[in-house]
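Inspection log for the structure reproduced underneath, given as structure tokens.
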Amino acid sequence: MEEESKYREGRKRLVEHLRRQGVSEGVLTVMMRVKRHLFVPPHFGDQAYADYPLPIGEGQTISAPHMVAMMCDYLELKKGEKVLEIGAGSGYHAAVIAEMIGDEGHIYSVERIQWLVEFSKENLQRAGYKNVTAILGDGTLGLPEHAPYDKISVTCAAPDVPPPLLEQLKTGGKMAIPIGKYRQALYLVEKKNGVERERKCDVVFVPLLGRYGFKTK
Ligand code: SAH
């Protein structure tokens with residue numbers, strides 16, 4: 001009980017910090033609701049509401065809260081949408097998206113590391129999310145069986161937009177994707193008649209590996 005109120009205080013401070021950074025009220029409401037401490041390894045519990053990335057194992061990280069918030073704002077997520085995430089990791093970012101799209105929406109999250117698929121599933125289940133499906137696979141190929149998607153959120157840095165992801169995005173849909181190797185930037189890609197790309201800001205993400213990603217060896 002005392003733990004819970006300590007975490008709630010941490011969450012409140014984090015949300016106030018994010019508000020000063022200009023995050024929308026819609027996303028802030030959701031960030032106040034999602035218990036990030038259920039998604040970080042237990043020994044990082046007291047840092048769960050600090051605004052920086054944390055290691056989750058195998059060289060991977062749970063993104064900083066402001067990055068999750070910013071990407072959600074850029075995507076303009078709405079109730080009932082179908083979303084594809086690449087890189088489930090801890091499942092935290094997926095949980096924030098799940099809250100944004102509500103029970104009538106669904107998010108599919110593809111993760112290439114088996115252990116992290118299990119980790120994200122356990123965390124999401126413990127936190128009570130039923131509208132998220134974590135799946136093992138190479139996310140650079142997307143997830144054709146549930147396409148097309150209203151929104152796509154890529155949480156690792158790609159060499160360029162993987163063609164299957166663009167194909168699986170609805171016309172009128174948006175994709176947030178970090179691009180670059182040593183220097184990375186976050187792009188908002190919109191599929192209209194053509195494809196528009198807007199460079200948003202410099203970022204640091206772990207690499208997207210796979211068929212249309214960086215090579216493992
Ligand atoms: N969204 C996560 C952050 C994950 S870090 C969270 O909220 O915790 C990026 C993740 O992308 C890592 O777990 C990594 O294993 C995964 N990844 C890298 N390349 C991938 C690929 N081709 N397909 C699926 N996942 C990939």
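By order of appearance in the structure tokens: chains A, B, ..., then residues from 1 within every chain, and ligands from 1 in the order shown.
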
message = What's around range 71-82 of chain A at 9 Å? Count only C-alpha atoms, leave out sequence neighbours fewer than 5 positions away in its own chain, and write the answer as a ChimeraX atom specification.
response = /A:23-24,26-27,66,93,96-97,99-108,146-153,173-177,186,188

I want to know what sits within 9 Å of Tyr7 in chain A, based on only C-alpha atoms, with residues of the same chain fewer than 2 positions away left out; could you give that as a PDB file with N, CA and C atoms, in the first residue's frame?
```pdb
ATOM      1  N   GLU A   2       1.865   1.244   0.936  1.00  0.00           N
ATOM      2  CA  GLU A   2       2.762   2.389   1.014  1.00  0.00           C
ATOM      3  C   GLU A   2       3.586   2.527  -0.262  1.00  0.00           C
ATOM      4  N   GLU A   3       4.010   1.354  -0.773  1.00  0.00           N
ATOM      5  CA  GLU A   3       4.743   1.302  -2.053  1.00  0.00           C
ATOM      6  C   GLU A   3       3.927   1.993  -3.131  1.00  0.00           C
ATOM      7  N   GLU A   4       2.647   1.607  -3.224  1.00  0.00           N
ATOM      8  CA  GLU A   4       1.761   2.155  -4.255  1.00  0.00           C
ATOM      9  C   GLU A   4       1.689   3.674  -4.186  1.00  0.00           C
ATOM     10  N   SER A   5       1.579   4.220  -2.973  1.00  0.00           N
ATOM     11  CA  SER A   5       1.450   5.689  -2.878  1.00  0.00           C
ATOM     12  C   SER A   5       2.785   6.363  -3.194  1.00  0.00           C
ATOM     13  N   GLU A   9       3.140   9.091  -6.239  1.00  0.00           N
ATOM     14  CA  GLU A   9       3.819  10.393  -6.098  1.00  0.00           C
ATOM     15  C   GLU A   9       4.852  10.588  -7.200  1.00  0.00           C
ATOM     16  N   GLY A  10       5.613   9.531  -7.470  1.00  0.00           N
ATOM     17  CA  GLY A  10       6.630   9.565  -8.519  1.00  0.00           C
ATOM     18  C   GLY A  10       5.992   9.840  -9.868  1.00  0.00           C
ATOM     19  N   ARG A  11       4.867   9.196 -10.095  1.00  0.00           N
ATOM     20  CA  ARG A  11       4.155   9.345 -11.374  1.00  0.00           C
ATOM     21  C   ARG A  11       3.652  10.778 -11.536  1.00  0.00           C
ATOM     22  N   LYS A  12       3.149  11.323 -10.430  1.00  0.00           N
ATOM     23  CA  LYS A  12       2.634  12.707 -10.458  1.00  0.00           C
ATOM     24  C   LYS A  12       3.743  13.679 -10.831  1.00  0.00           C
ATOM     25  N   LYS A  35       1.312   2.131 -14.873  1.00  0.00           N
ATOM     26  CA  LYS A  35       2.269   1.894 -13.787  1.00  0.00           C
ATOM     27  C   LYS A  35       3.603   1.413 -14.355  1.00  0.00           C
ATOM     28  N   ARG A  36       4.495   2.381 -14.604  1.00  0.00           N
ATOM     29  CA  ARG A  36       5.789   2.029 -15.223  1.00  0.00           C
ATOM     30  C   ARG A  36       6.612   1.109 -14.322  1.00  0.00           C
ATOM     31  N   HIS A  37       6.360   1.174 -13.004  1.00  0.00           N
ATOM     32  CA  HIS A  37       7.148   0.316 -12.102  1.00  0.00           C
ATOM     33  C   HIS A  37       6.873  -1.175 -12.334  1.00  0.00           C
ATOM     34  N   GLY A  45      13.113  -0.431  -9.487  1.00  0.00           N
ATOM     35  CA  GLY A  45      11.806   0.080  -9.068  1.00  0.00           C
ATOM     36  C   GLY A  45      11.825   1.539  -8.638  1.00  0.00           C
ATOM     37  N   ASP A  46      12.861   1.936  -7.877  1.00  0.00           N
ATOM     38  CA  ASP A  46      12.875   3.310  -7.367  1.00  0.00           C
ATOM     39  C   ASP A  46      13.254   4.327  -8.447  1.00  0.00           C
ATOM     40  N   ALA A  48      11.740   4.015 -11.497  1.00  0.00           N
ATOM     41  CA  ALA A  48      10.696   3.767 -12.508  1.00  0.00           C
ATOM     42  C   ALA A  48      10.094   5.054 -13.067  1.00  0.00           C
ATOM     43  N   TYR A  49      10.066   6.123 -12.252  1.00  0.00           N
ATOM     44  CA  TYR A  49       9.419   7.362 -12.724  1.00  0.00           C
ATOM     45  C   TYR A  49      10.412   8.489 -12.996  1.00  0.00           C
TER      46      TYR A  49
END
```

Could you list, as a PDB file with all heavy atoms, in the first residue's frame, every residue within 12 Å of Gln125 in chain A, counting only C-alpha atoms and ignoring same-chain residues fewer than 5 positions away?
```pdb
ATOM      1  N   LEU A  38       5.745  -1.487 -12.989  1.00  0.00           N
ATOM      2  CA  LEU A  38       5.451  -2.893 -13.297  1.00  0.00           C
ATOM      3  C   LEU A  38       6.186  -3.371 -14.551  1.00  0.00           C
ATOM      4  O   LEU A  38       6.114  -4.536 -14.912  1.00  0.00           O
ATOM      5  CB  LEU A  38       3.941  -3.092 -13.486  1.00  0.00           C
ATOM      6  CG  LEU A  38       3.051  -2.785 -12.278  1.00  0.00           C
ATOM      7  CD1 LEU A  38       1.587  -3.048 -12.610  1.00  0.00           C
ATOM      8  CD2 LEU A  38       3.466  -3.645 -11.078  1.00  0.00           C
ATOM      9  N   PHE A  39       6.890  -2.457 -15.235  1.00  0.00           N
ATOM     10  CA  PHE A  39       7.551  -2.798 -16.502  1.00  0.00           C
ATOM     11  C   PHE A  39       9.078  -2.744 -16.425  1.00  0.00           C
ATOM     12  O   PHE A  39       9.747  -3.097 -17.379  1.00  0.00           O
ATOM     13  CB  PHE A  39       7.051  -1.857 -17.613  1.00  0.00           C
ATOM     14  CG  PHE A  39       5.585  -2.051 -17.930  1.00  0.00           C
ATOM     15  CD1 PHE A  39       4.601  -1.376 -17.216  1.00  0.00           C
ATOM     16  CD2 PHE A  39       5.188  -2.945 -18.930  1.00  0.00           C
ATOM     17  CE1 PHE A  39       3.252  -1.571 -17.501  1.00  0.00           C
ATOM     18  CE2 PHE A  39       3.848  -3.140 -19.222  1.00  0.00           C
ATOM     19  CZ  PHE A  39       2.874  -2.449 -18.501  1.00  0.00           C
ATOM     20  N   SER A  90       9.886  -4.049 -22.860  1.00  0.00           N
ATOM     21  CA  SER A  90       9.243  -4.256 -21.553  1.00  0.00           C
ATOM     22  C   SER A  90       7.721  -4.288 -21.659  1.00  0.00           C
ATOM     23  O   SER A  90       7.037  -4.702 -20.730  1.00  0.00           O
ATOM     24  CB  SER A  90       9.628  -3.105 -20.630  1.00  0.00           C
ATOM     25  OG  SER A  90       9.020  -1.896 -21.104  1.00  0.00           O
ATOM     26  N   GLY A  91       7.183  -3.769 -22.761  1.00  0.00           N
ATOM     27  CA  GLY A  91       5.732  -3.669 -22.911  1.00  0.00           C
ATOM     28  C   GLY A  91       5.168  -2.329 -22.443  1.00  0.00           C
ATOM     29  O   GLY A  91       3.985  -2.052 -22.607  1.00  0.00           O
ATOM     30  N   TYR A  92       6.017  -1.460 -21.873  1.00  0.00           N
ATOM     31  CA  TYR A  92       5.512  -0.187 -21.325  1.00  0.00           C
ATOM     32  C   TYR A  92       4.914   0.731 -22.397  1.00  0.00           C
ATOM     33  O   TYR A  92       3.809   1.245 -22.243  1.00  0.00           O
ATOM     34  CB  TYR A  92       6.627   0.545 -20.568  1.00  0.00           C
ATOM     35  CG  TYR A  92       6.192   1.938 -20.128  1.00  0.00           C
ATOM     36  CD1 TYR A  92       5.272   2.080 -19.087  1.00  0.00           C
ATOM     37  CD2 TYR A  92       6.654   3.083 -20.768  1.00  0.00           C
ATOM     38  CE1 TYR A  92       4.840   3.347 -18.698  1.00  0.00           C
ATOM     39  CE2 TYR A  92       6.228   4.346 -20.384  1.00  0.00           C
ATOM     40  CZ  TYR A  92       5.315   4.468 -19.350  1.00  0.00           C
ATOM     41  OH  TYR A  92       4.884   5.716 -18.978  1.00  0.00           O
ATOM     42  N   ALA A  94       3.792  -0.059 -25.246  1.00  0.00           N
ATOM     43  CA  ALA A  94       2.565  -0.692 -25.751  1.00  0.00           C
ATOM     44  C   ALA A  94       1.400  -0.425 -24.793  1.00  0.00           C
ATOM     45  O   ALA A  94       0.266  -0.194 -25.232  1.00  0.00           O
ATOM     46  CB  ALA A  94       2.776  -2.183 -25.929  1.00  0.00           C
ATOM     47  N   ALA A  95       1.673  -0.432 -23.482  1.00  0.00           N
ATOM     48  CA  ALA A  95       0.625  -0.183 -22.487  1.00  0.00           C
ATOM     49  C   ALA A  95       0.090   1.244 -22.612  1.00  0.00           C
ATOM     50  O   ALA A  95      -1.118   1.479 -22.529  1.00  0.00           O
ATOM     51  CB  ALA A  95       1.172  -0.420 -21.080  1.00  0.00           C
ATOM     52  N   GLU A 118       8.249 -12.801 -23.703  1.00  0.00           N
ATOM     53  CA  GLU A 118       7.690 -13.318 -22.447  1.00  0.00           C
ATOM     54  C   GLU A 118       7.645 -12.215 -21.378  1.00  0.00           C
ATOM     55  O   GLU A 118       6.657 -12.070 -20.675  1.00  0.00           O
ATOM     56  CB  GLU A 118       8.526 -14.507 -21.918  1.00  0.00           C
ATOM     57  CG  GLU A 118       8.623 -15.685 -22.867  1.00  0.00           C
ATOM     58  CD  GLU A 118       7.270 -16.128 -23.404  1.00  0.00           C
ATOM     59  OE1 GLU A 118       6.284 -16.089 -22.656  1.00  0.00           O
ATOM     60  OE2 GLU A 118       7.198 -16.500 -24.604  1.00  0.00           O
ATOM     61  N   PHE A 119       8.734 -11.447 -21.281  1.00  0.00           N
ATOM     62  CA  PHE A 119       8.816 -10.365 -20.280  1.00  0.00           C
ATOM     63  C   PHE A 119       7.678  -9.351 -20.515  1.00  0.00           C
ATOM     64  O   PHE A 119       6.956  -8.992 -19.587  1.00  0.00           O
ATOM     65  CB  PHE A 119      10.187  -9.682 -20.411  1.00  0.00           C
ATOM     66  CG  PHE A 119      10.467  -8.602 -19.397  1.00  0.00           C
ATOM     67  CD1 PHE A 119      10.439  -8.863 -18.040  1.00  0.00           C
ATOM     68  CD2 PHE A 119      10.779  -7.304 -19.818  1.00  0.00           C
ATOM     69  CE1 PHE A 119      10.720  -7.856 -17.098  1.00  0.00           C
ATOM     70  CE2 PHE A 119      11.058  -6.298 -18.898  1.00  0.00           C
ATOM     71  CZ  PHE A 119      11.021  -6.570 -17.532  1.00  0.00           C
ATOM     72  N   SER A 120       7.489  -8.928 -21.757  1.00  0.00           N
ATOM     73  CA  SER A 120       6.448  -7.935 -22.044  1.00  0.00           C
ATOM     74  C   SER A 120       5.058  -8.514 -21.772  1.00  0.00           C
ATOM     75  O   SER A 120       4.209  -7.844 -21.196  1.00  0.00           O
ATOM     76  CB  SER A 120       6.558  -7.423 -23.482  1.00  0.00           C
ATOM     77  OG  SER A 120       6.337  -8.463 -24.396  1.00  0.00           O
ATOM     78  N   LYS A 130      -5.497  -6.071 -21.892  1.00  0.00           N
ATOM     79  CA  LYS A 130      -6.005  -7.203 -22.683  1.00  0.00           C
ATOM     80  C   LYS A 130      -6.015  -6.881 -24.171  1.00  0.00           C
ATOM     81  O   LYS A 130      -6.216  -7.766 -24.992  1.00  0.00           O
ATOM     82  CB  LYS A 130      -7.420  -7.551 -22.216  1.00  0.00           C
ATOM     83  CG  LYS A 130      -7.446  -8.025 -20.769  1.00  0.00           C
ATOM     84  CD  LYS A 130      -8.725  -8.783 -20.462  1.00  0.00           C
ATOM     85  CE  LYS A 130      -8.697  -9.391 -19.075  1.00  0.00           C
ATOM     86  NZ  LYS A 130      -8.691  -8.377 -18.008  1.00  0.00           N
ATOM     87  N   ASN A 131      -5.826  -5.608 -24.514  1.00  0.00           N
ATOM     88  CA  ASN A 131      -5.889  -5.229 -25.934  1.00  0.00           C
ATOM     89  C   ASN A 131      -4.498  -5.101 -26.564  1.00  0.00           C
ATOM     90  O   ASN A 131      -4.300  -4.326 -27.487  1.00  0.00           O
ATOM     91  CB  ASN A 131      -6.693  -3.927 -26.109  1.00  0.00           C
ATOM     92  CG  ASN A 131      -6.136  -2.797 -25.270  1.00  0.00           C
ATOM     93  OD1 ASN A 131      -5.369  -3.026 -24.336  1.00  0.00           O
ATOM     94  ND2 ASN A 131      -6.504  -1.576 -25.596  1.00  0.00           N
ATOM     95  N   VAL A 132      -3.541  -5.873 -26.030  1.00  0.00           N
ATOM     96  CA  VAL A 132      -2.181  -5.899 -26.581  1.00  0.00           C
ATOM     97  C   VAL A 132      -1.809  -7.348 -26.874  1.00  0.00           C
ATOM     98  O   VAL A 132      -2.034  -8.220 -26.044  1.00  0.00           O
ATOM     99  CB  VAL A 132      -1.126  -5.355 -25.577  1.00  0.00           C
ATOM    100  CG1 VAL A 132       0.236  -5.246 -26.234  1.00  0.00           C
ATOM    101  CG2 VAL A 132      -1.556  -4.024 -24.983  1.00  0.00           C
ATOM    102  N   THR A 133      -1.242  -7.595 -28.051  1.00  0.00           N
ATOM    103  CA  THR A 133      -0.743  -8.922 -28.371  1.00  0.00           C
ATOM    104  C   THR A 133       0.742  -8.809 -28.713  1.00  0.00           C
ATOM    105  O   THR A 133       1.101  -8.116 -29.669  1.00  0.00           O
ATOM    106  CB  THR A 133      -1.489  -9.526 -29.590  1.00  0.00           C
ATOM    107  OG1 THR A 133      -2.898  -9.390 -29.371  1.00  0.00           O
ATOM    108  CG2 THR A 133      -1.145 -10.988 -29.788  1.00  0.00           C
ATOM    109  N   ALA A 134       1.602  -9.436 -27.910  1.00  0.00           N
ATOM    110  CA  ALA A 134       3.049  -9.445 -28.191  1.00  0.00           C
ATOM    111  C   ALA A 134       3.371 -10.718 -28.964  1.00  0.00           C
ATOM    112  O   ALA A 134       2.922 -11.805 -28.605  1.00  0.00           O
ATOM    113  CB  ALA A 134       3.835  -9.384 -26.884  1.00  0.00           C
TER     114      ALA A 134
END
```

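Between CA of Leu84 in chain A and CA of Pro144 in chain A there is a distance of 10.3 Å.
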
Contacts of ligand 1, 6 Å or closer, only C-alpha atoms and all ligand atoms, given as a short mmCIF file (atom, residue, chain, number, x, y, z; two decimals) with N, CA, C and O atoms, in the first residue's frame:
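Result file part18.cif:
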```
data_model
loop_
_atom_site.label_atom_id
_atom_site.label_comp_id
_atom_site.auth_asym_id
_atom_site.auth_seq_id
_atom_site.Cartn_x
_atom_site.Cartn_y
_atom_site.Cartn_z
N GLN A 60 19.12 -4.22 -24.20
CA GLN A 60 17.93 -3.47 -24.63
C GLN A 60 17.48 -2.52 -23.52
O GLN A 60 17.89 -2.67 -22.37
N THR A 61 16.64 -1.55 -23.88
CA THR A 61 16.21 -0.55 -22.89
C THR A 61 14.72 -0.26 -23.00
O THR A 61 14.12 -0.43 -24.06
N ILE A 62 14.14 0.16 -21.87
CA ILE A 62 12.78 0.71 -21.88
C ILE A 62 12.99 2.21 -22.13
O ILE A 62 13.79 2.85 -21.44
N SER A 63 12.31 2.74 -23.14
CA SER A 63 12.53 4.14 -23.55
C SER A 63 12.19 5.11 -22.42
O SER A 63 11.40 4.80 -21.53
N ILE A 86 6.79 -1.98 -33.29
CA ILE A 86 7.96 -2.82 -33.53
C ILE A 86 8.90 -2.64 -32.34
O ILE A 86 9.38 -1.53 -32.09
N GLY A 87 9.14 -3.74 -31.61
CA GLY A 87 10.00 -3.71 -30.43
C GLY A 87 9.19 -3.63 -29.15
O GLY A 87 9.00 -2.55 -28.59
N ALA A 88 8.70 -4.78 -28.67
CA ALA A 88 7.85 -4.78 -27.46
C ALA A 88 8.68 -4.46 -26.21
O ALA A 88 8.18 -3.80 -25.30
N GLY A 89 9.92 -4.96 -26.16
CA GLY A 89 10.79 -4.71 -25.00
C GLY A 89 10.08 -5.05 -23.70
O GLY A 89 9.68 -6.19 -23.47
N SER A 90 9.89 -4.05 -22.86
CA SER A 90 9.24 -4.26 -21.55
C SER A 90 7.72 -4.29 -21.66
O SER A 90 7.04 -4.70 -20.73
N GLY A 91 7.18 -3.77 -22.76
CA GLY A 91 5.73 -3.67 -22.91
C GLY A 91 5.17 -2.33 -22.44
O GLY A 91 3.98 -2.05 -22.61
N TYR A 92 6.02 -1.46 -21.87
CA TYR A 92 5.51 -0.19 -21.33
C TYR A 92 4.91 0.73 -22.40
O TYR A 92 3.81 1.24 -22.24
N HIS A 93 5.66 0.93 -23.48
CA HIS A 93 5.19 1.81 -24.54
C HIS A 93 3.86 1.28 -25.11
O HIS A 93 2.93 2.04 -25.37
N VAL A 110 5.49 -6.56 -32.23
CA VAL A 110 6.41 -7.61 -32.68
C VAL A 110 7.77 -7.38 -32.02
O VAL A 110 8.29 -6.27 -32.00
N GLU A 111 8.33 -8.46 -31.47
CA GLU A 111 9.62 -8.39 -30.77
C GLU A 111 10.49 -9.55 -31.26
O GLU A 111 10.01 -10.67 -31.37
N ARG A 112 11.78 -9.28 -31.53
CA ARG A 112 12.63 -10.33 -32.10
C ARG A 112 13.31 -11.22 -31.06
O ARG A 112 13.84 -12.28 -31.39
N ILE A 113 13.31 -10.79 -29.78
CA ILE A 113 13.95 -11.61 -28.73
C ILE A 113 12.88 -12.34 -27.91
O ILE A 113 12.04 -11.71 -27.27
N GLY A 137 8.93 -12.19 -33.69
CA GLY A 137 9.14 -12.11 -35.14
C GLY A 137 10.09 -10.99 -35.52
O GLY A 137 10.56 -10.23 -34.67
N ASP A 138 10.37 -10.92 -36.83
CA ASP A 138 11.18 -9.83 -37.37
C ASP A 138 10.23 -8.70 -37.76
O ASP A 138 9.55 -8.76 -38.77
N GLY A 139 10.23 -7.67 -36.94
CA GLY A 139 9.31 -6.55 -37.15
C GLY A 139 9.55 -5.76 -38.42
O GLY A 139 8.69 -5.00 -38.85
N THR A 140 10.72 -5.94 -39.06
CA THR A 140 10.96 -5.19 -40.30
C THR A 140 10.04 -5.71 -41.41
O THR A 140 9.84 -5.05 -42.42
N THR A 155 10.07 1.32 -32.23
CA THR A 155 10.80 1.75 -31.03
C THR A 155 12.27 1.34 -31.06
O THR A 155 12.89 1.17 -30.03
N CYS A 156 12.82 1.15 -32.27
CA CYS A 156 14.25 0.95 -32.45
C CYS A 156 14.64 1.63 -33.76
O CYS A 156 13.79 1.84 -34.63
N VAL A 206 18.07 1.87 -29.55
CA VAL A 206 18.82 0.66 -29.91
C VAL A 206 18.48 0.34 -31.38
O VAL A 206 17.44 0.76 -31.87
N PRO A 207 19.39 -0.39 -32.08
CA PRO A 207 19.13 -0.62 -33.51
C PRO A 207 18.01 -1.61 -33.81
O PRO A 207 17.78 -2.54 -33.05
N LEU A 208 17.32 -1.34 -34.92
CA LEU A 208 16.36 -2.28 -35.50
C LEU A 208 17.19 -3.28 -36.31
O LEU A 208 17.91 -2.88 -37.23
N LEU A 209 17.11 -4.55 -35.92
CA LEU A 209 17.90 -5.58 -36.61
C LEU A 209 16.95 -6.44 -37.43
O LEU A 209 15.79 -6.60 -37.06
N GLY A 210 17.44 -7.00 -38.53
CA GLY A 210 16.57 -7.90 -39.30
C GLY A 210 16.65 -7.66 -40.79
O GLY A 210 17.49 -6.89 -41.27
#
```

request  = Name all residues at most 7 Å from Met32 in chain A (count only C-alpha atoms; drop same-chain ones fewer than 2 positions away) and give them as a ChimeraX atom specification.
outcome  = /A:11-12,15,28-30,34

Could you take the residues named above and write them with N, CA, C and O atoms, as a PDB file, in the first residue's frame?
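part-v1.pdb was written with the following content:
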```pdb
ATOM      1  N   ARG A  11       4.867   9.196 -10.095  1.00  0.00           N
ATOM      2  CA  ARG A  11       4.155   9.345 -11.374  1.00  0.00           C
ATOM      3  C   ARG A  11       3.652  10.778 -11.536  1.00  0.00           C
ATOM      4  O   ARG A  11       3.733  11.366 -12.596  1.00  0.00           O
ATOM      5  N   LYS A  12       3.149  11.323 -10.430  1.00  0.00           N
ATOM      6  CA  LYS A  12       2.634  12.707 -10.458  1.00  0.00           C
ATOM      7  C   LYS A  12       3.743  13.679 -10.831  1.00  0.00           C
ATOM      8  O   LYS A  12       3.571  14.561 -11.661  1.00  0.00           O
ATOM      9  N   VAL A  15       4.603  13.359 -14.492  1.00  0.00           N
ATOM     10  CA  VAL A  15       3.583  13.970 -15.351  1.00  0.00           C
ATOM     11  C   VAL A  15       3.712  15.501 -15.338  1.00  0.00           C
ATOM     12  O   VAL A  15       3.604  16.143 -16.384  1.00  0.00           O
ATOM     13  N   LEU A  28      -0.905  12.877 -21.108  1.00  0.00           N
ATOM     14  CA  LEU A  28      -0.557  12.990 -19.675  1.00  0.00           C
ATOM     15  C   LEU A  28      -1.519  12.182 -18.803  1.00  0.00           C
ATOM     16  O   LEU A  28      -1.094  11.511 -17.857  1.00  0.00           O
ATOM     17  N   THR A  29      -2.806  12.221 -19.141  1.00  0.00           N
ATOM     18  CA  THR A  29      -3.808  11.462 -18.379  1.00  0.00           C
ATOM     19  C   THR A  29      -3.454   9.978 -18.400  1.00  0.00           C
ATOM     20  O   THR A  29      -3.520   9.281 -17.381  1.00  0.00           O
ATOM     21  N   VAL A  30      -3.056   9.522 -19.570  1.00  0.00           N
ATOM     22  CA  VAL A  30      -2.709   8.118 -19.731  1.00  0.00           C
ATOM     23  C   VAL A  30      -1.405   7.785 -18.986  1.00  0.00           C
ATOM     24  O   VAL A  30      -1.297   6.759 -18.316  1.00  0.00           O
ATOM     25  N   VAL A  34      -0.645   4.626 -16.309  1.00  0.00           N
ATOM     26  CA  VAL A  34       0.164   3.419 -16.557  1.00  0.00           C
ATOM     27  C   VAL A  34       1.290   3.284 -15.522  1.00  0.00           C
ATOM     28  O   VAL A  34       2.092   4.193 -15.334  1.00  0.00           O
TER      29      VAL A  34
END
```

task = Could you tell me, as a PyMOL selection string, which residues of range 39-192 of chain A DSSP assigns to strand (DSSP E) when given the backbone?
result = chain A and resi 54-57+60-62+82-86+106-111+132-136+149-154+169-179+184-191

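Each of A:Glu167, A:Glu196, A:Glu190, A:Asp160 was compared to Tyr212 in chain A using only C-alpha atoms, and A:Asp160 turns out to be the nearest.
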
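Nearest residue to Pro178 in chain A among A:Met67, A:Ile135, A:Ala98, A:Val195 is A:Met67, counting only C-alpha atoms.
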
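Counting only C-alpha atoms, Lys181 in chain A has the following residues at most 8 Å away, ignoring those fewer than 5 positions along the same chain: A:Ala157, A:Ala158, A:Pro159, A:Pro207.
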
Limited to C-alpha atoms, could you put the picked residues into a file as a tab-separated table (two decimals), in the first residue's frame?
```tsv
chain	number	residue	atom	x	y	z
A	157	ALA	CA	16.35	2.83	-35.00
A	158	ALA	CA	16.12	1.71	-38.65
A	159	PRO	CA	18.49	2.33	-41.58
A	207	PRO	CA	19.13	-0.62	-33.51
```

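Ranking A:Ala50, A:Leu141, A:Trp115, A:Ile179 by their shortest atom-to-atom distance to Leu165 in chain A, with only C-alpha atoms included, puts A:Leu141 first.
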
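Taking CA of Glu198 in chain A as the reference point, CA of Ala185 in chain A is found at 10.1 Å.
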
message = Using only C-alpha atoms, can you tell me which of A:Gly180, A:Gly128, A:Pro163, A:Gly22 comes closest to Met70 in chain A?
response = A:Gly22

message = Considering only alpha helix (DSSP H) as DSSP defines it on the backbone, what residues of chain A qualify? List them as a ChimeraX atom specification.
response = /A:2-20,25-33,65-75,92-101,114-126,163-167

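CA of Leu124 in chain A sits 25.4 Å away from CA of Arg19 in chain A.
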